[in-house]
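This is input.txt. It holds compact mmCIF, C-alpha atoms and all ligand atoms.
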```txt
# COMPACT_ATOMS: atom_id res chain seq x y z
CA MET A 770 174.45 14.10 -69.15
CA LYS A 771 172.19 13.17 -72.05
CA LYS A 772 169.60 10.41 -71.75
CA ALA A 773 166.76 9.15 -73.96
CA PHE A 774 163.12 9.30 -72.84
CA PHE A 775 159.79 8.31 -74.38
CA ALA A 776 158.10 11.64 -75.20
CA LYS A 777 155.05 9.68 -76.39
CA ALA A 778 154.45 6.52 -78.40
CA GLY A 779 156.55 6.79 -81.56
CA GLN A 780 158.61 9.71 -80.27
CA MET A 781 161.92 9.60 -78.38
CA GLU A 782 163.57 12.68 -76.89
CA LEU A 783 166.95 13.40 -75.35
CA LYS A 784 166.99 15.23 -72.02
CA ASP A 785 169.77 16.67 -69.94
CA VAL A 786 169.64 14.94 -66.57
CA GLU A 787 171.87 14.67 -63.55
CA LYS A 788 174.63 12.05 -63.69
CA PRO A 789 173.71 9.03 -61.51
CA ARG A 790 175.45 8.52 -58.18
CA ILE A 791 176.32 5.44 -56.13
CA GLN A 792 173.34 4.61 -53.89
CA ALA A 793 174.22 1.12 -52.60
CA ALA A 794 177.51 -0.57 -51.75
CA ASP A 795 177.23 -2.95 -54.71
CA ASP A 796 176.39 -0.24 -57.27
CA VAL A 797 178.67 0.55 -60.18
CA ILE A 798 178.46 3.78 -62.21
CA LEU A 799 179.06 3.03 -65.88
CA LYS A 800 180.09 5.35 -68.70
CA ILE A 801 178.21 3.90 -71.67
CA VAL A 802 180.20 3.58 -74.88
CA ARG A 803 177.88 1.41 -77.01
CA THR A 804 174.20 0.60 -76.66
CA CYS A 805 171.37 -0.47 -78.94
CA VAL A 806 167.63 -0.83 -79.36
CA CYS A 807 165.94 -4.10 -78.38
CA GLY A 808 162.79 -5.59 -79.90
CA SER A 809 161.22 -5.25 -76.46
CA ASP A 810 161.85 -1.46 -76.50
CA LEU A 811 159.52 -1.29 -79.49
CA TRP A 812 156.61 -2.37 -77.30
CA TYR A 813 156.68 1.11 -75.77
CA PHE A 814 157.67 2.89 -78.98
CA ARG A 815 154.77 1.30 -80.83
CA GLY A 816 152.40 2.05 -77.93
CA ILE A 817 151.63 -1.65 -77.31
CA ASN A 818 152.80 -0.99 -73.74
CA PRO A 819 151.15 2.27 -72.68
CA VAL A 820 153.38 5.36 -72.66
CA LYS A 821 152.13 8.43 -70.80
CA GLY A 822 155.13 10.48 -71.86
CA GLY A 823 158.32 11.26 -69.96
CA GLU A 824 159.23 7.66 -69.05
CA GLU A 825 162.92 6.85 -69.25
CA ASN A 826 164.03 4.62 -72.12
CA SER A 827 163.78 0.86 -71.65
CA GLY A 828 167.27 0.22 -73.11
CA HIS A 829 169.10 -2.57 -71.30
CA GLU A 830 172.12 -3.57 -73.42
CA ALA A 831 175.46 -1.82 -73.11
CA LEU A 832 179.22 -1.87 -73.34
CA ALA A 833 180.73 0.49 -70.81
CA ILE A 834 183.74 1.76 -68.92
CA VAL A 835 183.56 1.53 -65.14
CA GLU A 836 183.46 5.11 -63.81
CA GLU A 837 182.99 4.58 -60.07
CA VAL A 838 182.36 1.61 -57.76
CA GLY A 839 180.53 1.13 -54.44
CA ASP A 840 182.36 0.00 -51.29
CA ASP A 841 181.54 -3.72 -51.74
CA ILE A 842 182.78 -3.99 -55.32
CA THR A 843 186.05 -5.91 -55.72
CA THR A 844 185.60 -7.56 -59.14
CA VAL A 845 185.88 -4.42 -61.28
CA LYS A 846 187.60 -1.08 -60.84
CA PRO A 847 187.37 2.35 -62.48
CA GLY A 848 188.66 2.21 -66.06
CA ASP A 849 187.69 -1.44 -66.68
CA PHE A 850 185.88 -2.33 -69.91
CA VAL A 851 182.71 -4.32 -69.24
CA ILE A 852 179.63 -5.87 -70.80
CA ALA A 853 176.55 -4.70 -68.85
CA PRO A 854 173.98 -7.53 -69.10
CA PHE A 855 170.28 -6.79 -68.76
CA THR A 856 170.19 -9.14 -65.76
CA HIS A 857 171.55 -8.36 -62.29
CA GLY A 858 172.13 -11.72 -60.63
CA CYS A 859 173.81 -11.72 -57.22
CA GLY A 860 175.99 -14.73 -58.05
CA HIS A 861 175.66 -16.45 -54.68
CA CYS A 862 172.01 -17.48 -54.14
CA THR A 863 170.61 -20.91 -55.03
CA ALA A 864 169.14 -19.67 -58.33
CA CYS A 865 172.37 -18.02 -59.49
CA ARG A 866 174.39 -21.09 -58.51
CA ALA A 867 171.98 -23.26 -60.51
CA GLY A 868 172.69 -21.05 -63.54
CA PHE A 869 169.54 -18.92 -63.46
CA ASP A 870 170.96 -15.50 -62.68
CA SER A 871 167.93 -13.68 -64.07
CA HIS A 872 165.91 -14.70 -61.00
CA THR A 873 165.65 -11.12 -59.82
CA ASP A 874 163.22 -8.56 -61.20
CA ASN A 875 166.07 -6.12 -61.12
CA PHE A 876 166.61 -5.84 -64.88
CA SER A 877 168.43 -2.93 -66.49
CA ASN A 878 166.25 -0.11 -67.74
CA GLY A 879 167.42 3.22 -69.12
CA VAL A 880 170.91 2.51 -70.46
CA GLN A 881 170.35 4.63 -73.59
CA GLY A 882 172.22 7.58 -72.11
CA GLU A 883 175.73 8.68 -71.24
CA TYR A 884 175.94 7.18 -67.73
CA TYR A 885 174.09 4.44 -65.86
CA ARG A 886 173.86 3.20 -62.26
CA PHE A 887 174.21 -0.60 -62.47
CA ALA A 888 172.89 -2.46 -59.41
CA HIS A 889 174.55 -5.68 -58.15
CA GLY A 890 177.65 -5.06 -60.25
CA GLN A 891 179.91 -7.32 -58.21
CA TRP A 892 179.01 -10.53 -60.03
CA SER A 893 176.78 -9.40 -62.91
CA LEU A 894 179.18 -7.22 -64.86
CA VAL A 895 181.32 -9.14 -67.34
CA LYS A 896 184.87 -7.83 -67.61
CA VAL A 897 186.37 -7.72 -71.11
CA PRO A 898 190.19 -7.71 -71.45
CA GLY A 899 191.74 -4.39 -72.53
CA GLN A 900 189.86 -1.32 -73.72
CA PRO A 901 187.26 -0.71 -76.47
CA SER A 902 189.99 0.84 -78.67
CA ASP A 903 191.75 -2.56 -78.73
CA TYR A 904 188.88 -4.05 -80.75
CA SER A 905 187.40 -3.66 -84.22
CA GLU A 906 183.89 -2.20 -84.44
CA GLY A 907 182.72 -5.62 -85.65
CA MET A 908 184.06 -7.23 -82.47
CA LEU A 909 182.46 -4.53 -80.29
CA LYS A 910 179.14 -5.31 -81.97
CA SER A 911 179.52 -8.99 -81.13
CA LEU A 912 180.45 -8.14 -77.52
CA LEU A 913 177.35 -5.94 -77.25
CA THR A 914 175.09 -8.85 -78.26
CA LEU A 915 176.41 -10.60 -75.12
CA ALA A 916 174.41 -8.11 -73.02
CA ASP A 917 171.16 -9.66 -74.22
CA VAL A 918 170.33 -11.15 -77.63
CA MET A 919 173.18 -13.68 -78.03
CA ALA A 920 172.79 -14.83 -74.42
CA THR A 921 169.01 -14.94 -74.84
CA GLY A 922 169.31 -17.07 -77.98
CA TYR A 923 171.73 -19.29 -76.11
CA HIS A 924 169.27 -19.60 -73.23
CA ALA A 925 166.61 -20.94 -75.60
CA ALA A 926 169.03 -23.60 -76.85
CA ARG A 927 170.25 -24.51 -73.35
CA VAL A 928 166.84 -24.89 -71.70
CA ALA A 929 165.71 -26.89 -74.77
CA ASN A 930 168.77 -29.09 -74.20
CA VAL A 931 169.90 -28.84 -77.84
CA LYS A 932 172.61 -31.44 -78.38
CA ALA A 933 174.77 -32.96 -81.11
CA GLY A 934 172.78 -34.35 -84.01
CA ASP A 935 169.49 -32.67 -83.06
CA THR A 936 166.90 -31.25 -85.43
CA VAL A 937 165.96 -27.78 -84.19
CA VAL A 938 163.28 -25.31 -85.28
CA VAL A 939 163.87 -21.62 -84.52
CA MET A 940 160.72 -19.51 -84.41
CA GLY A 941 161.51 -15.87 -85.24
CA ASP A 942 164.02 -14.06 -87.45
CA GLY A 943 164.76 -11.06 -85.22
CA ALA A 944 168.14 -10.63 -83.53
CA VAL A 945 167.29 -13.19 -80.82
CA GLY A 946 166.07 -15.80 -83.32
CA LEU A 947 169.20 -15.33 -85.42
CA CYS A 948 171.39 -15.67 -82.32
CA ALA A 949 169.44 -18.81 -81.32
CA ILE A 950 170.56 -20.32 -84.64
CA ILE A 951 174.19 -19.59 -83.69
CA ALA A 952 173.57 -21.21 -80.30
CA ALA A 953 171.95 -24.32 -81.80
CA LYS A 954 174.95 -24.72 -84.08
CA MET A 955 177.42 -24.20 -81.18
CA ARG A 956 175.67 -27.05 -79.36
CA GLY A 957 175.98 -29.37 -82.36
CA ALA A 958 172.52 -29.35 -83.95
CA LYS A 959 172.57 -31.07 -87.34
CA LYS A 960 169.43 -29.69 -88.94
CA ILE A 961 168.37 -26.13 -88.08
CA ILE A 962 165.13 -24.85 -89.58
CA SER A 963 164.78 -21.06 -89.63
CA THR A 964 161.45 -19.28 -90.14
CA SER A 965 162.24 -16.10 -92.07
CA ARG A 966 160.24 -14.22 -94.67
CA HIS A 967 162.86 -11.54 -95.41
CA ALA A 968 165.70 -12.15 -97.87
CA ASP A 969 168.38 -10.42 -95.75
CA ARG A 970 167.38 -12.18 -92.53
CA LYS A 971 167.11 -15.53 -94.31
CA ALA A 972 170.62 -15.04 -95.71
CA LEU A 973 172.01 -14.23 -92.25
CA ALA A 974 170.16 -17.24 -90.77
CA LYS A 975 171.90 -19.43 -93.35
CA GLU A 976 175.28 -17.84 -92.64
CA PHE A 977 174.74 -18.48 -88.90
CA GLY A 978 173.97 -22.18 -89.51
CA ALA A 979 170.37 -22.66 -90.65
CA THR A 980 170.09 -25.62 -93.04
CA ASP A 981 166.46 -25.07 -94.10
CA ASN A 982 163.93 -22.23 -94.01
CA VAL A 983 160.16 -22.13 -93.73
CA ALA A 984 158.49 -18.83 -94.65
CA GLU A 985 154.94 -20.00 -93.97
CA ARG A 986 152.99 -19.20 -90.79
CA GLY A 987 150.38 -21.05 -88.73
CA ASP A 988 149.05 -24.40 -90.01
CA GLU A 989 151.02 -24.04 -93.26
CA ALA A 990 154.24 -23.68 -91.27
CA VAL A 991 153.39 -26.77 -89.18
CA LYS A 992 152.77 -28.78 -92.37
CA LYS A 993 156.03 -27.63 -93.97
CA ILE A 994 158.12 -28.33 -90.86
CA MET A 995 156.58 -31.80 -90.46
CA GLU A 996 157.51 -32.51 -94.11
CA LEU A 997 161.07 -31.31 -93.51
CA THR A 998 161.35 -33.64 -90.51
CA HIS A 999 159.86 -36.61 -92.42
CA GLY A 1000 156.71 -36.47 -90.30
CA ALA A 1001 158.61 -36.88 -87.04
CA GLY A 1002 158.82 -33.31 -85.71
CA ALA A 1003 161.87 -31.56 -84.25
CA ASP A 1004 163.87 -32.58 -81.17
CA ALA A 1005 163.83 -29.00 -79.91
CA VAL A 1006 161.97 -25.80 -80.76
CA LEU A 1007 163.36 -22.38 -79.85
CA GLU A 1008 160.52 -19.85 -79.53
CA CYS A 1009 161.96 -16.35 -80.02
CA VAL A 1010 158.84 -14.31 -80.84
CA GLY A 1011 156.33 -14.54 -77.99
CA THR A 1012 153.08 -14.17 -79.93
CA GLU A 1013 150.25 -16.63 -79.43
CA GLN A 1014 150.57 -17.89 -83.01
CA SER A 1015 154.32 -18.40 -82.83
CA THR A 1016 154.10 -20.20 -79.47
CA ASP A 1017 151.21 -22.32 -80.76
CA THR A 1018 153.25 -23.34 -83.83
CA ALA A 1019 156.24 -24.08 -81.59
CA MET A 1020 154.12 -26.52 -79.54
CA LYS A 1021 153.00 -28.34 -82.69
CA VAL A 1022 156.26 -28.87 -84.57
CA GLY A 1023 158.20 -30.82 -81.92
CA ARG A 1024 158.31 -34.61 -81.78
CA PRO A 1025 156.68 -36.30 -78.76
CA GLY A 1026 158.85 -35.43 -75.75
CA ALA A 1027 160.47 -32.46 -77.49
CA ILE A 1028 161.50 -29.43 -75.47
CA VAL A 1029 160.25 -25.95 -76.38
CA GLY A 1030 162.73 -23.32 -75.17
CA ARG A 1031 160.86 -20.03 -74.83
CA VAL A 1032 162.63 -16.70 -74.80
CA GLY A 1033 160.15 -14.56 -76.77
CA LEU A 1034 158.39 -12.23 -74.33
CA PRO A 1035 154.83 -13.60 -74.13
CA HIS A 1036 152.27 -11.10 -75.44
CA THR A 1037 149.27 -13.01 -74.13
CA PRO A 1038 148.90 -14.79 -70.79
CA LYS A 1039 146.79 -17.55 -72.33
CA GLN A 1040 148.21 -20.56 -74.16
CA ASP A 1041 146.74 -23.87 -75.28
CA MET A 1042 148.27 -26.51 -72.98
CA THR A 1043 146.28 -29.45 -74.41
CA THR A 1044 148.44 -29.99 -77.51
CA PRO A 1045 151.66 -30.15 -75.46
CA PHE A 1046 149.96 -32.56 -73.03
CA TYR A 1047 149.25 -35.17 -75.70
CA LYS A 1048 152.73 -34.72 -77.16
CA ASN A 1049 154.53 -34.92 -73.80
CA THR A 1050 156.12 -31.59 -74.68
CA ILE A 1051 158.46 -30.07 -72.13
CA VAL A 1052 158.02 -26.30 -71.92
CA ALA A 1053 160.98 -24.36 -70.55
CA GLY A 1054 162.49 -20.90 -70.73
CA GLY A 1055 162.24 -17.34 -69.49
CA PRO A 1056 164.68 -14.45 -69.06
CA ALA A 1057 168.22 -15.52 -70.01
CA SER A 1058 171.11 -16.30 -67.66
CA VAL A 1059 173.28 -13.72 -69.38
CA THR A 1060 176.23 -13.49 -66.99
CA THR A 1061 176.48 -17.27 -66.57
CA TYR A 1062 176.66 -17.86 -70.34
CA ASP A 1063 179.03 -14.95 -70.99
CA LYS A 1064 181.47 -16.13 -68.36
CA ALA A 1065 181.17 -19.83 -69.25
CA VAL A 1066 181.19 -19.88 -73.04
CA LEU A 1067 180.03 -16.85 -75.04
CA LEU A 1068 182.76 -14.29 -74.29
CA LYS A 1069 185.50 -16.71 -75.32
CA ALA A 1070 183.61 -17.81 -78.45
CA ALA A 1071 183.15 -14.18 -79.50
CA LEU A 1072 186.75 -13.14 -78.75
CA ASP A 1073 188.08 -16.23 -80.58
CA GLY A 1074 185.95 -15.32 -83.61
CA GLU A 1075 184.08 -18.64 -83.44
CA ILE A 1076 180.79 -16.76 -83.45
CA ASN A 1077 179.96 -13.43 -85.05
CA PRO A 1078 176.59 -12.39 -83.64
CA GLY A 1079 177.40 -8.68 -84.09
CA LYS A 1080 176.18 -9.06 -87.67
CA VAL A 1081 172.62 -8.57 -86.38
CA PHE A 1082 173.47 -4.86 -86.11
CA THR A 1083 172.77 -3.64 -89.62
CA GLU A 1084 172.88 0.12 -89.02
CA THR A 1085 174.77 2.51 -86.74
CA PHE A 1086 173.38 5.63 -85.04
CA THR A 1087 174.61 8.18 -82.50
CA LEU A 1088 172.75 8.97 -79.27
CA ASP A 1089 171.49 12.17 -80.93
CA GLN A 1090 169.86 9.94 -83.57
CA ILE A 1091 167.98 7.78 -81.04
CA GLN A 1092 164.64 8.58 -82.72
CA GLU A 1093 165.97 7.28 -86.05
CA ALA A 1094 167.44 4.22 -84.30
CA TYR A 1095 164.00 3.27 -82.92
CA GLN A 1096 162.12 4.21 -86.10
CA ALA A 1097 164.37 2.13 -88.38
CA MET A 1098 163.72 -0.95 -86.23
CA ALA A 1099 160.01 -0.27 -85.90
CA ASP A 1100 159.82 -0.03 -89.72
CA ARG A 1101 161.87 -3.26 -89.97
CA GLN A 1102 164.40 -1.45 -92.17
CA VAL A 1103 167.16 -2.81 -89.94
CA ILE A 1104 167.47 -6.02 -87.94
CA LYS A 1105 168.93 -4.24 -84.89
CA SER A 1106 170.04 -0.63 -84.37
CA TYR A 1107 173.54 -0.02 -82.95
CA VAL A 1108 174.14 3.21 -81.01
CA VAL A 1109 177.61 4.68 -80.56
CA ILE A 1110 178.12 7.07 -77.62
CA ASP A 1111 181.30 9.13 -77.61
ZN ZN B 1 166.28 -7.04 -74.86
ZN ZN B 2 171.24 -14.65 -57.16
```
Represent the structure from my file as structure tokens, please.
Ligand SMILES: [Zn+2]
Ligand SMILES: [Zn+2]
Amino acid sequence: MKKAFFAKAGQMELKDVEKPRIQAADDVILKIVRTCVCGSDLWYFRGINPVKGGEENSGHEALAIVEEVGDDITTVKPGDFVIAPFTHGCGHCTACRAGFDSHTDNFSNGVQGEYYRFAHGQWSLVKVPGQPSDYSEGMLKSLLTLADVMATGYHAARVANVKAGDTVVVMGDGAVGLCAIIAAKMRGAKKIISTSRHADRKALAKEFGATDNVAERGDEAVKKIMELTHGAGADAVLECVGTEQSTDTAMKVGRPGAIVGRVGLPHTPKQDMTTPFYKNTIVAGGPASVTTYDKAVLLKAALDGEINPGKVFTETFTLDQIQEAYQAMADRQVIKSYVVID
């Protein structure tokens, strides 16, 4: 089977490797039909995370057909169509039952290939009715966002307790930030301030529910957002970038007692905690509870056409074009690269 590897920073390569086999009783072997490139994959591609060469791809979002199941698996069977989330919650521990199924470090890695061994498949895989051929490509794109970015955007809005009538600021105009706008709207936010500097992303933010946009950064952004909230600050801030500057701005634009929902992977371990102290800011967030959200609300909303997060995929590639798929995202020519595997 074919699978993508990092040859070096900036260079992907496809290698022929052995098809994975069941190793544990709760393993599921998946035949990947759709995958994509995540913003976090670019950390390796850009060399921000060191790449020695030869590491398997860090892809972790997929739609798949169940190929084979371990002895303990009763929830899916060969031939089923599933969403493969990047998280592998067990579904029965205290954390999973509390709705934090990303408690384990066992995240997907390496799904940009023809087959994948998915650990803890019993509860984590999300079964989709029918087969991929029953759906439009647009719907498949929306279902694929349920493996990560839509659920991650939803996580930001949930941990920030976004509720009806709220004013919400969304930091970041990547796929996660755009999906966080959808989530804020689903939860009834009245005013949603996006933070885009690109015409296409700003337009999609508006289509997804943003009511205002701030293109400024740093102190200028804080000033503009405070103006837009009549000096009060937002009820909730969804931080979908992870840089020090973005997180710093997020801490400054909430009202006293606001909640900052963080889902942007932090780039730096340090953060000023004095500003949030004097503002009584609640800081929440982390890896998303993908399976919980998919099963509870997102799968139905996508299938009913209430949300259309698949629009974040602005270009389609094949597995053979994996280099182009990464490069287009690294160059910010596309919002998110969609990869079709036959
Ligand atoms: Zn991701
Ligand atoms: Zn668990």
Worksheet item: Leaving out stretch 991-1002 of chain A and any residue of its chain fewer than 6 positions from it, which residues lie within 6 Å of it when counting all atoms listed in the file, given as a VMD selection string?
Response: chain A and resid 1022 to 1024
Writing out the chosen residues with C-alpha atoms as a JSON list (two decimals), keeping the file's coordinate frame:
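Full text of selection.json as output:
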```json
[["chain", "number", "residue", "atom", "x", "y", "z"],
["A", 1022, "VAL", "CA", 156.26, -28.87, -84.57],
["A", 1023, "GLY", "CA", 158.20, -30.82, -81.92],
["A", 1024, "ARG", "CA", 158.31, -34.61, -81.78]]
```
Worksheet item: Of the residues A:His924, A:Lys1064, A:Arg790, A:Lys772, which is the one nearest to A:Ala949, using all atoms listed in the file?
Response: A:His924
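Contacts with ligand ZN 2 (chain B) are defined as any residue atom within 12 Å of a ligand atom, using all atoms listed in the file; the residues meeting this criterion are Thr856, His857, Gly858, Cys859, Gly860, His861, Cys862, Thr863, Ala864, Cys865, Arg866, Ala867, Gly868, Phe869, Asp870, Ser871, His872, Thr873, Asp874, Asn875, His889, Gly890, Gln891, Trp892, Ser893, Ser1058, Thr1060 and Thr1061 of chain A.
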Discussion item. If the limit is 8 Å from any atom of ligand ZN 1 (chain B), counting all atoms listed in the file, which residues qualify? Return them as number ranges by chain.
Written reply: A: 806-810, 828-830, 855, 917-918
Worksheet entry | Spatial neighbours of stretch 838-845 of chain A, max dist 6 Å, all atoms listed in the file, sep filter under 2 positions, as a list in words |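 Final neighbour list, sorted by chain and number: Ala794, Asp795, Asp796, Val797 and Gln891 of chain A.
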Discussion item. Report, in Å with one decimal, the straight-line distance from atom CA of A:Asn1077 to atom CA of A:Gly943.
Written reply: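 According to the coordinates, atom CA of A:Asn1077 and atom CA of A:Gly943 are separated by 15.4 Å.
Straight-line separation from atom CA of A:Glu787 to atom CA of A:Phe876: 21.2 Å.
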